[in-house]
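Peer 1: Here it is, the structure in full.
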Amino acid sequence: MGAIPTQRETVSRATGAPAHPAGVSARECARAHVTLLGSSLAPGAAREMVRAALTDWSALGLPGTRHWTEHLAADALVVVSELVTNAVVHAGTDVEVVCRLEETGTLVVEATDHHPSRAPRSGDQETPHEIPEYGRGLRLVAALAEAWGITYRPGTKTVWARLRAAGAETGETPEAAGVTEAADAGDAAGVMSAAGVMNAAGAAGVVSAADVVDGADVVRTAARIEAYGAERDPRFSGSPAGPPPGREAGTGRRGRDREWLGRGALSFLAEASDLLAGQLDEDLVASLTGQLIVPRLADWCAVWLEDESLGRGAWSDAPGAVVGARLARVWHAGESHIEELRRALEKDPPRPRDPWRSGPVAHPWPGDALGPDGAHGVALAYRLVAGGRPLGTLVIGRSGTAGFPDEITGLVEDLSRRVALAIGAARQYARQATISAVLQRGLLPGAVAEIPGVRSALVYEPCDKGGPSGDFYDLFPAGDGRWCFAVGDVQGKGPEAAVVIGLARPWLRLLAREEYGVPDVLDRLNQLLLDDATEAADAAARALVAAGGPPVAPGDGPQTRFLSLLYGELVPHAGGVRCTLASAGHPLPLLLGPDGTVRAVAEPQTLLGVVEDATYTSETFELCSGDTLLCVTDGVTERRSGSRQFDDGDGLATALAGCAGLDAGLVAERIRRLVHEFGARPPEDDLALLVLQAE
């Protein structure tokens with residue numbers, strides 16, 4: 001096989017890839033594999049690997065290659081390109097690529113990344129580098145492949161696609177190696193097959209590729225087959241394969257219900273609870289609910305979610321109307337029915353009822369929406385209530401006249417309680433995330449001031465996007481031709497950090513505008529933090545004594561809130577910019593000259609909020625034309641790669657020296673990029689840096 005133009009190539013020892021379930025006759029004849037760096041070069045390198053493998057296997061006349069066509073080869077190249085692009089853009093890690101040949105001529109292409117929890121990118125820029133090759137997405141893979149799916153394992157995620165050669169015998173959907181035994185035991189977490197079919201366009205109400213890529217310990221399969229045109233593996237569907245709903249004898253279905261209930265119902269509930277509890281998005285919970293229920297327990301299901309902001313009055317007395325409810329997900333064992341089913345259900349939403357009544361109630365059958373085979377059936381509605389709050393309604397349906405046995409309705413009722421708890425938890429998380437985002441915006445300046453004769457650039461990346469960061473910055477006019485700047489880092493994160501930032505930043509502005517010098521500002525802010533900590537300790541002690549608790553010993557109360565701060569003042573004048581600054585327990589600022597020399601321009605001093613009556617000093621220097629001042633938090637200097645840190649051996653100064661001749665924006669972006677590239681994993685601390693450059 002020809003050389004592959006990659007930056008690094010290794011042989012995979014184990015791909016963690018999907019394999020055939022037991023009993024499937026197709027065997028692997030050949031395999032090609034490579035590990036690629038997660039960069040824009042990876043898709044092209046993966047295509048070259050697959051192209052070379054197909055050429056070699058065809059030349060050797062391996063079994064099954066006689067069935068190949070030019071279309072299959074072209075499809076394989078497109079599929080591997082899309083899978084690798086998806087991994088590079090959404091995971092950002094190295095990608096292991098495997099191409100396997102089965103004796104029938106079928107090709108299985110797999111891409112494994114090492115960031116299983118990373119969801120597809122939304123509007124915000126999360127990846128450290130722009131990838132010019134964004135791909136068309138997993139929908140194109142679904143359109144070209146006989147089957148495709150995603151396998152999650154601890155630390156990895158494998159997206160695979162199966163391309164059947166023309167004339168080859170139809171194989172069954174591959175599944176994750178090592179989890180088929182769990183499926184035999186009814187383990188819902190080990191294997192979770194997608195009920196029904198996902199086409200290239202993706203019908204409304206079906207789990208999309210974006211939904212599928214999020215989650216853990218779950219395999220979701222989308223097989224491109226005609227509805228009921230092929231038998232499902234009973235291990236994955238929860239009941240033996242059989243004719244379409246509505247065409248089977250009631251006794252046969254009841255027998256399968258009893259068989260499945262006796263084999264895996266308890267395990268199903270336990271594992272479903274674990275799966276639902278890990279989701280932080282209510283729409284994803286609704287989507288997973290459909291996959292759990294169909295076709296194991298019902299032919300179709302729908303989930304309505306209600307707007308809690310409307311309160312209990314959302315339950316209107318108007319016939320057939322529930323104010324504030326939206327149809328979040330519709331799932332059917334046959335995809336061809338989903339659109340019609342959704343339209344029918346939207347016209348006939350759940351009826352108002354007592355939200356505290358337990359158990360299912362009858363729901364109108366959607367009639368002609370399911371075709372002639374589904375003209376008759378039974379539908380049941382379950383209220384979703386958690387924490388005393390009605391959250392929505394779950395509706396399940398089964399075609400035919402047999403209806404649901406009591407064991408199934410009881411099992412779904414148990415499952416509905418777990419679904420309600422998961423939706424409630426997801427909404428609570430969403431509320432907290434919204435509060436944190438609003439709080440974070442309030443703790444940072446709305447705009448960064450423009451300074452005459454000075455170009456500025458800022459990078460601010462909180463590690464936890466769901467809560468307030470411990471880093472903060474400011475750049476503001478102080479009057480009389482002065483501008484002040486600050487870069488700080490509070491001990492800890494979350495609400496405690498927000499309290500300190502909310503205290504420090506306004507005081508900085510107030511003291512600066514009252515014309516206090518740099519050392520005086522730090523002296524007073526230090527005393528302010530100490531006084532605040534003392535007041536908090538006294539309040540905690542009084543509350544404890546009032547509650548009947550023992551007296552608080554010295555040092556046992558709330559801990560002092562430490563703050564590291566780099567604070568400075570800029571005064572532009574005809575010859576340049578005069579800069580006065582001081583560092584209180586903060587990484588020292590670095591000054592880059594036009595000739596590439598780098599030096600520290602402050603002396604280390606004590607953290608704020610630690611020592612009573614501490615006295616701070618400042619340094620003053622000139623920012624001449626072309627000089628660049630870099631201020632960072634410890635998220636930059638202490639960025640780790642194994643046992644090494646980014647600033648070991650003056651690493652930050654070396655990186656800054658390489659930025660000579662760049663403007664402020666490019667300096668900031670280069671330092672940010674080098675920090676991200678220093679470690680294989682995403683940064684684990686907040687990152688903030690401010691660049692000030694004299695024009």
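Ligands are numbered from 1 in the order shown, residues from 1 within each chain, and chains are lettered A, B, ... in the order they appear in the structure tokens.
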Give me, as a VMD selection string, all polymer residues having an atom no more than 12 Å from Leu607 (chain A), counting only C-alpha atoms and skipping those fewer than 2 positions away in the same chain.

Peer 2: chain A and resid 488 to 491 522 to 523 525 to 527 529 to 530 560 to 566 582 to 587 604 to 605 609 to 612 614 to 616

Peer 1: So that I can see what lies close to Phe476 (chain A), please list as a list in words the residues with an atom at most 9 Å from it, counting only C-alpha atoms and leaving out residues fewer than 6 positions away in the same chain.

Peer 2: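 So, after excluding close chain neighbours, the residues are Pro445, Ala447, Val448, Ala449, Glu450, Ile451, Arg482, Trp483, Cys484, Phe485 and Arg509 of chain A.
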
Peer 1: Those same residues, written as a short mmCIF file (atom, residue, chain, number, x, y, z; two decimals), in the first residue's frame with N, CA and C atoms?

Peer 2:
data_model
loop_
_atom_site.label_atom_id
_atom_site.label_comp_id
_atom_site.auth_asym_id
_atom_site.auth_seq_id
_atom_site.Cartn_x
_atom_site.Cartn_y
_atom_site.Cartn_z
N PRO A 445 -17.10 43.53 31.58
CA PRO A 445 -17.48 44.80 30.94
C PRO A 445 -18.24 44.56 29.65
N ALA A 447 -18.14 46.46 27.08
CA ALA A 447 -17.26 46.82 25.97
C ALA A 447 -15.90 47.18 26.52
N VAL A 448 -14.87 46.97 25.72
CA VAL A 448 -13.50 47.31 26.10
C VAL A 448 -13.18 48.69 25.53
N ALA A 449 -12.66 49.56 26.38
CA ALA A 449 -12.39 50.94 25.97
C ALA A 449 -11.31 51.00 24.90
N GLU A 450 -11.43 51.97 24.01
CA GLU A 450 -10.40 52.24 23.01
C GLU A 450 -9.49 53.33 23.55
N ILE A 451 -8.18 53.09 23.46
CA ILE A 451 -7.20 54.00 24.03
C ILE A 451 -6.43 54.67 22.90
N ARG A 482 -6.42 59.31 31.53
CA ARG A 482 -5.92 58.04 32.05
C ARG A 482 -6.87 56.90 31.68
N TRP A 483 -6.29 55.74 31.39
CA TRP A 483 -7.06 54.51 31.19
C TRP A 483 -6.47 53.44 32.10
N CYS A 484 -7.33 52.64 32.66
CA CYS A 484 -6.88 51.60 33.58
C CYS A 484 -7.27 50.23 33.04
N PHE A 485 -6.46 49.23 33.39
CA PHE A 485 -6.75 47.87 32.96
C PHE A 485 -6.50 46.91 34.12
N ARG A 509 -12.94 50.29 39.58
CA ARG A 509 -13.35 51.45 38.77
C ARG A 509 -13.57 52.68 39.66
#

Peer 1: From the list A:Val499, A:Leu692, A:Leu662, A:Leu284, which residue is nearest Leu591 (chain A) when using only C-alpha atoms?

Peer 2: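 Looking at the shortest contact to Leu591 (chain A), the residue is A:Leu692.
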
Peer 1: Show which residues sit within 7 Å of Thr65 (chain A), as a list of chain:residue names. Count only C-alpha atoms, and ignore same-chain residues fewer than 4 positions away.

Peer 2: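 Neighbouring residues, sequence-local ones excluded: A:Ser58, A:Gly61, A:Gly105.
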
Peer 1: Need the shell around Asp348 (chain A): protein/DNA/RNA residues with any atom at most 9 Å away, counting only C-alpha atoms. Skip same-chain ones fewer than 2 positions apart. Format as a list of chain:residue names?

Peer 2: A:Gly320, A:Ala321, A:Arg343, A:Ala344, A:Leu345, A:Glu346, A:Pro350, A:Arg351, A:Pro364, A:Pro366

Peer 1: When distances are computed from only C-alpha atoms, which of A:Leu297, A:Ala694, A:Leu269, A:Ala420 shows the smallest separation from Leu592 (chain A)?

Peer 2: A:Ala694

Peer 1: So that I can check the surroundings of region 390-405 of chain A, please list as a PyMOL selection string every protein, DNA and RNA residue that reaches within 6 Å of it, counting only C-alpha atoms and ignoring chain neighbours fewer than 6 positions away.

Peer 2: chain A and resi 245-246+250+298-306+374+376-384
